[in-house]
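Heads up: the structure comes next, in structure tokens.
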Amino acid sequence: MKRILATAAYAAMVSAALALGACTTSSGSSGGGGTTTTDTAATATGDATGDTGAAKADATATDTGTAGDASTGAELPKSDTSTPDTTKDTAPPVQKCSPKDQACMNGCSQTACGKESGACLKDPKCTKLSSCLQACDKAELPTDPTATACGKKCLDDAGDTAAKAFYAGQVCLGKKCIMCKKGDQECQGMCASQLCIKQLAACLADTSCTLILDCFGKNKCKDQACAQTCMGKYPAGQATLMGFLQCGQDPLNACDE
């Protein structure tokens, strides 16, 4: 299963995420819904107290049956000390890859994401969606922000069922197959884009959003001022872009080795 964007486009995504990182951090992430823990201390104390008598009885009791067997020389049952065969039916190890290594990615897709990839391959609309979005990445962008985006045509033709199958396969690749060296922003951007593929596809279906990304890439935006200039040119695409960037902040380093 192929990824949908070329390297240049992913690099633009990374620049956008870095430039807008301060604005896309979700507020209140450590608020009211904190981690719930179980108080095991009280349960353990109660169990220990309640079982005191039984524990003492077990400690002082004499197993006359076992003693009798030992005194008469009867052979006691032998324990099975053999090592179980754990080599059978062992799944091959999953090899994570650089997203640029297409051969490795294809192999990992079959090993780690066979179910998800297979579901897409069985649906002609899903495979067509993948190739359609690939073609959109290479197509020339319209100058009119109100024009229908290439990505929207792809998603409309595919329908919801095929799109969900496509998203599942792409997310699986991000979770199980991509490995980035720490600090490799291009690779990290690819990882975040895989994990947030649904939000990214929404941007590709919005001409104004894709024009903002194109502006990021052409100007190599790395600061807030540059990013705001690009977003100001196409205000209609801001909300869709922020949806992708907000999703992408958390998994930006999710694939680091």
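Going by the structure tokens order, chains are called A, B, ..., each with residues numbered from 1, while ligands are numbered from 1 in the order shown.
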
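The list of residues with at least one atom within 9 Å of A:Cys230, based on only C-alpha atoms and without residues fewer than 6 positions apart in the same chain, reads A:Leu211, A:Ile212, A:Leu213, A:Asp214, A:Cys215, A:Phe216, A:Asn219, A:Cys221.
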
Go ahead and dump the residues you just picked, N, CA, C and O atoms, as a CSV table (one decimal), in the first residue's frame.
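Generated output (part_17.csv):
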```
chain,number,residue,atom,x,y,z
A,211,LEU,N,-3.5,25.1,-0.8
A,211,LEU,CA,-2.8,26.3,-1.2
A,211,LEU,C,-1.9,26.9,0.0
A,211,LEU,O,-0.8,27.4,-0.3
A,212,ILE,N,-2.4,26.7,1.2
A,212,ILE,CA,-1.6,27.2,2.3
A,212,ILE,C,-0.4,26.3,2.5
A,212,ILE,O,0.7,26.8,2.7
A,213,LEU,N,-0.6,25.0,2.3
A,213,LEU,CA,0.5,24.1,2.4
A,213,LEU,C,1.6,24.3,1.3
A,213,LEU,O,2.8,24.3,1.5
A,214,ASP,N,1.1,24.6,0.1
A,214,ASP,CA,2.0,25.0,-1.0
A,214,ASP,C,2.8,26.2,-0.6
A,214,ASP,O,4.0,26.3,-0.9
A,215,CYS,N,2.1,27.2,0.0
A,215,CYS,CA,2.8,28.4,0.4
A,215,CYS,C,3.8,28.1,1.4
A,215,CYS,O,5.0,28.7,1.4
A,216,PHE,N,3.5,27.3,2.4
A,216,PHE,CA,4.5,26.9,3.4
A,216,PHE,C,5.8,26.3,2.7
A,216,PHE,O,6.9,26.7,3.0
A,219,ASN,N,7.9,28.9,0.5
A,219,ASN,CA,8.6,29.9,1.3
A,219,ASN,C,9.4,29.2,2.4
A,219,ASN,O,10.0,30.0,3.2
A,221,CYS,N,8.7,27.9,5.2
A,221,CYS,CA,8.3,28.5,6.5
A,221,CYS,C,8.8,27.8,7.7
A,221,CYS,O,8.7,26.6,7.8
```

Nearest to A:Cys120 by atom-to-atom distance, counting only C-alpha atoms, from A:Gly169, A:Pro99, A:Gly107, A:Pro145: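 Among the listed residues, A:Gly169 lies closest to A:Cys120.
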
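Rounded to one decimal, atom CA of A:Met179 and atom CA of A:Gln110 lie 16.4 Å from each other.
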
Backbone DSSP call of alpha helix (DSSP H) for stretch 75-203 of chain A, listed as an NGL selection string: :A and (102-112 or 114-121 or 124-138 or 150-176 or 185-195 or 197-203)

Residue selection dump (C-alpha atoms) as a PDB file, in the first residue's frame:
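Output (part37.pdb):
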```pdb
ATOM      1  CA  GLN A 102       9.818   1.429  -0.339  1.00  0.00           C
ATOM      2  CA  ALA A 103      10.902  -2.228  -0.465  1.00  0.00           C
ATOM      3  CA  CYS A 104      11.120  -2.407   3.333  1.00  0.00           C
ATOM      4  CA  MET A 105       7.813  -0.573   3.722  1.00  0.00           C
ATOM      5  CA  ASN A 106       6.102  -3.007   1.361  1.00  0.00           C
ATOM      6  CA  GLY A 107       7.475  -5.948   3.334  1.00  0.00           C
ATOM      7  CA  CYS A 108       6.397  -4.460   6.655  1.00  0.00           C
ATOM      8  CA  SER A 109       2.967  -3.716   5.225  1.00  0.00           C
ATOM      9  CA  GLN A 110       2.497  -7.406   4.463  1.00  0.00           C
ATOM     10  CA  THR A 111       3.930  -8.590   7.787  1.00  0.00           C
ATOM     11  CA  ALA A 112       2.444  -6.087  10.238  1.00  0.00           C
ATOM     12  CA  GLY A 114      -1.686  -7.552   6.263  1.00  0.00           C
ATOM     13  CA  LYS A 115      -5.278  -7.384   7.490  1.00  0.00           C
ATOM     14  CA  GLU A 116      -5.643  -3.661   6.853  1.00  0.00           C
ATOM     15  CA  SER A 117      -3.779  -3.709   3.554  1.00  0.00           C
ATOM     16  CA  GLY A 118      -5.714  -6.742   2.408  1.00  0.00           C
ATOM     17  CA  ALA A 119      -9.047  -5.078   3.151  1.00  0.00           C
ATOM     18  CA  CYS A 120      -8.091  -2.138   0.945  1.00  0.00           C
ATOM     19  CA  LEU A 121      -6.753  -4.338  -1.845  1.00  0.00           C
ATOM     20  CA  PRO A 124     -11.370  -1.487  -6.002  1.00  0.00           C
ATOM     21  CA  LYS A 125     -12.527   1.915  -4.770  1.00  0.00           C
ATOM     22  CA  CYS A 126      -9.945   1.849  -1.974  1.00  0.00           C
ATOM     23  CA  THR A 127      -7.035   1.055  -4.294  1.00  0.00           C
ATOM     24  CA  LYS A 128      -8.298   3.684  -6.745  1.00  0.00           C
ATOM     25  CA  LEU A 129      -8.404   6.251  -3.924  1.00  0.00           C
ATOM     26  CA  SER A 130      -4.754   5.591  -3.125  1.00  0.00           C
ATOM     27  CA  SER A 131      -3.618   6.082  -6.722  1.00  0.00           C
ATOM     28  CA  CYS A 132      -5.948   9.063  -7.160  1.00  0.00           C
ATOM     29  CA  LEU A 133      -4.458  10.920  -4.203  1.00  0.00           C
ATOM     30  CA  GLN A 134      -0.974  10.053  -5.425  1.00  0.00           C
ATOM     31  CA  ALA A 135      -1.840  11.686  -8.744  1.00  0.00           C
ATOM     32  CA  CYS A 136      -3.228  14.762  -6.968  1.00  0.00           C
ATOM     33  CA  ASP A 137       0.095  15.303  -5.257  1.00  0.00           C
ATOM     34  CA  LYS A 138       1.738  15.696  -8.668  1.00  0.00           C
ATOM     35  CA  CYS A 150      -8.452  17.205  -6.722  1.00  0.00           C
ATOM     36  CA  GLY A 151      -8.506  15.400  -3.373  1.00  0.00           C
ATOM     37  CA  LYS A 152     -12.223  16.067  -2.948  1.00  0.00           C
ATOM     38  CA  LYS A 153     -12.972  14.403  -6.273  1.00  0.00           C
ATOM     39  CA  CYS A 154     -10.978  11.364  -5.153  1.00  0.00           C
ATOM     40  CA  LEU A 155     -12.771  11.088  -1.826  1.00  0.00           C
ATOM     41  CA  ASP A 156     -16.219  11.683  -3.337  1.00  0.00           C
ATOM     42  CA  ASP A 157     -15.666   8.933  -5.917  1.00  0.00           C
ATOM     43  CA  ALA A 158     -14.380   6.510  -3.277  1.00  0.00           C
ATOM     44  CA  GLY A 159     -17.156   6.941  -0.720  1.00  0.00           C
ATOM     45  CA  ASP A 160     -16.993   6.528   3.054  1.00  0.00           C
ATOM     46  CA  THR A 161     -16.438   2.756   3.195  1.00  0.00           C
ATOM     47  CA  ALA A 162     -13.402   2.773   0.902  1.00  0.00           C
ATOM     48  CA  ALA A 163     -12.019   5.876   2.622  1.00  0.00           C
ATOM     49  CA  LYS A 164     -12.199   4.208   6.050  1.00  0.00           C
ATOM     50  CA  ALA A 165     -10.361   1.152   4.716  1.00  0.00           C
ATOM     51  CA  PHE A 166      -7.705   3.408   3.220  1.00  0.00           C
ATOM     52  CA  TYR A 167      -7.272   5.355   6.472  1.00  0.00           C
ATOM     53  CA  ALA A 168      -6.934   2.127   8.488  1.00  0.00           C
ATOM     54  CA  GLY A 169      -4.134   0.864   6.273  1.00  0.00           C
ATOM     55  CA  GLN A 170      -2.248   4.147   6.341  1.00  0.00           C
ATOM     56  CA  VAL A 171      -2.506   4.520  10.139  1.00  0.00           C
ATOM     57  CA  CYS A 172      -1.238   0.962  10.576  1.00  0.00           C
ATOM     58  CA  LEU A 173       1.854   1.783   8.497  1.00  0.00           C
ATOM     59  CA  GLY A 174       2.528   4.784  10.708  1.00  0.00           C
ATOM     60  CA  LYS A 175       2.145   2.827  13.933  1.00  0.00           C
ATOM     61  CA  LYS A 176       3.947  -0.370  13.012  1.00  0.00           C
ATOM     62  CA  GLN A 185      12.064  16.167  10.751  1.00  0.00           C
ATOM     63  CA  GLU A 186      11.148  14.945   7.284  1.00  0.00           C
ATOM     64  CA  CYS A 187      10.671  11.384   8.519  1.00  0.00           C
ATOM     65  CA  GLN A 188       8.789  12.599  11.613  1.00  0.00           C
ATOM     66  CA  GLY A 189       6.479  14.586   9.356  1.00  0.00           C
ATOM     67  CA  MET A 190       5.779  11.477   7.292  1.00  0.00           C
ATOM     68  CA  CYS A 191       4.979   9.549  10.463  1.00  0.00           C
ATOM     69  CA  ALA A 192       2.618  12.236  11.756  1.00  0.00           C
ATOM     70  CA  SER A 193       0.967  12.450   8.355  1.00  0.00           C
ATOM     71  CA  GLN A 194       0.342   8.689   8.317  1.00  0.00           C
ATOM     72  CA  LEU A 195      -1.151   8.720  11.813  1.00  0.00           C
ATOM     73  CA  ILE A 197      -4.216  10.622   7.467  1.00  0.00           C
ATOM     74  CA  LYS A 198      -7.932  11.375   7.859  1.00  0.00           C
ATOM     75  CA  GLN A 199      -7.252  15.008   8.806  1.00  0.00           C
ATOM     76  CA  LEU A 200      -4.656  15.272   6.052  1.00  0.00           C
ATOM     77  CA  ALA A 201      -7.100  13.927   3.472  1.00  0.00           C
ATOM     78  CA  ALA A 202      -9.592  16.574   4.577  1.00  0.00           C
ATOM     79  CA  CYS A 203      -6.955  19.211   3.824  1.00  0.00           C
TER      80      CYS A 203
END
```

Minimum-distance residue to A:Gly183, chosen among A:Gln224, A:Thr146, A:Ser208, A:Asn253 (using only C-alpha atoms):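 Ranked by minimum distance to A:Gly183, first place goes to A:Asn253.
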
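One finds atom CA of A:Lys182 at 13.3 Å from atom CA of A:Pro251.
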
Name all residues at most 9 Å from A:Ala236 (count only C-alpha atoms; drop same-chain ones fewer than 3 positions away) and give them as an mmCIF file with N, CA, C and O atoms, in the first residue's frame.
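Result saved to out_30.cif:
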```
data_model
loop_
_atom_site.group_PDB
_atom_site.id
_atom_site.type_symbol
_atom_site.label_atom_id
_atom_site.label_comp_id
_atom_site.auth_asym_id
_atom_site.auth_seq_id
_atom_site.Cartn_x
_atom_site.Cartn_y
_atom_site.Cartn_z
ATOM 1 N N PRO A 145 -8.959 29.661 -5.111
ATOM 2 C CA PRO A 145 -9.186 28.871 -3.890
ATOM 3 C C PRO A 145 -10.583 28.289 -3.786
ATOM 4 O O PRO A 145 -10.819 27.399 -2.955
ATOM 5 N N ASP A 206 -9.654 20.259 0.349
ATOM 6 C CA ASP A 206 -9.968 21.682 0.499
ATOM 7 C C ASP A 206 -8.899 22.480 -0.251
ATOM 8 O O ASP A 206 -7.739 22.519 0.162
ATOM 9 N N SER A 208 -8.260 25.643 -0.543
ATOM 10 C CA SER A 208 -7.602 26.689 0.244
ATOM 11 C C SER A 208 -6.558 26.089 1.181
ATOM 12 O O SER A 208 -5.476 26.664 1.381
ATOM 13 N N CYS A 209 -6.848 24.937 1.755
ATOM 14 C CA CYS A 209 -5.917 24.277 2.665
ATOM 15 C C CYS A 209 -4.667 23.820 1.911
ATOM 16 O O CYS A 209 -3.540 24.010 2.377
ATOM 17 N N MET A 231 -1.245 31.686 5.776
ATOM 18 C CA MET A 231 -2.623 31.414 6.192
ATOM 19 C C MET A 231 -3.525 32.614 5.906
ATOM 20 O O MET A 231 -4.702 32.453 5.596
ATOM 21 N N ALA A 239 -9.152 26.545 9.123
ATOM 22 C CA ALA A 239 -9.726 25.598 10.087
ATOM 23 C C ALA A 239 -9.352 24.153 9.741
ATOM 24 O O ALA A 239 -9.005 23.363 10.628
ATOM 25 N N THR A 240 -9.407 23.821 8.455
ATOM 26 C CA THR A 240 -9.066 22.455 8.039
ATOM 27 C C THR A 240 -7.598 22.164 8.278
ATOM 28 O O THR A 240 -7.222 21.077 8.752
#
```

Proximity to A:Leu252 - best of A:Asp123, A:Lys100, A:Cys196, A:Thr143, only C-alpha atoms: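 Of the candidates, the smallest distance to A:Leu252 is held by A:Cys196.
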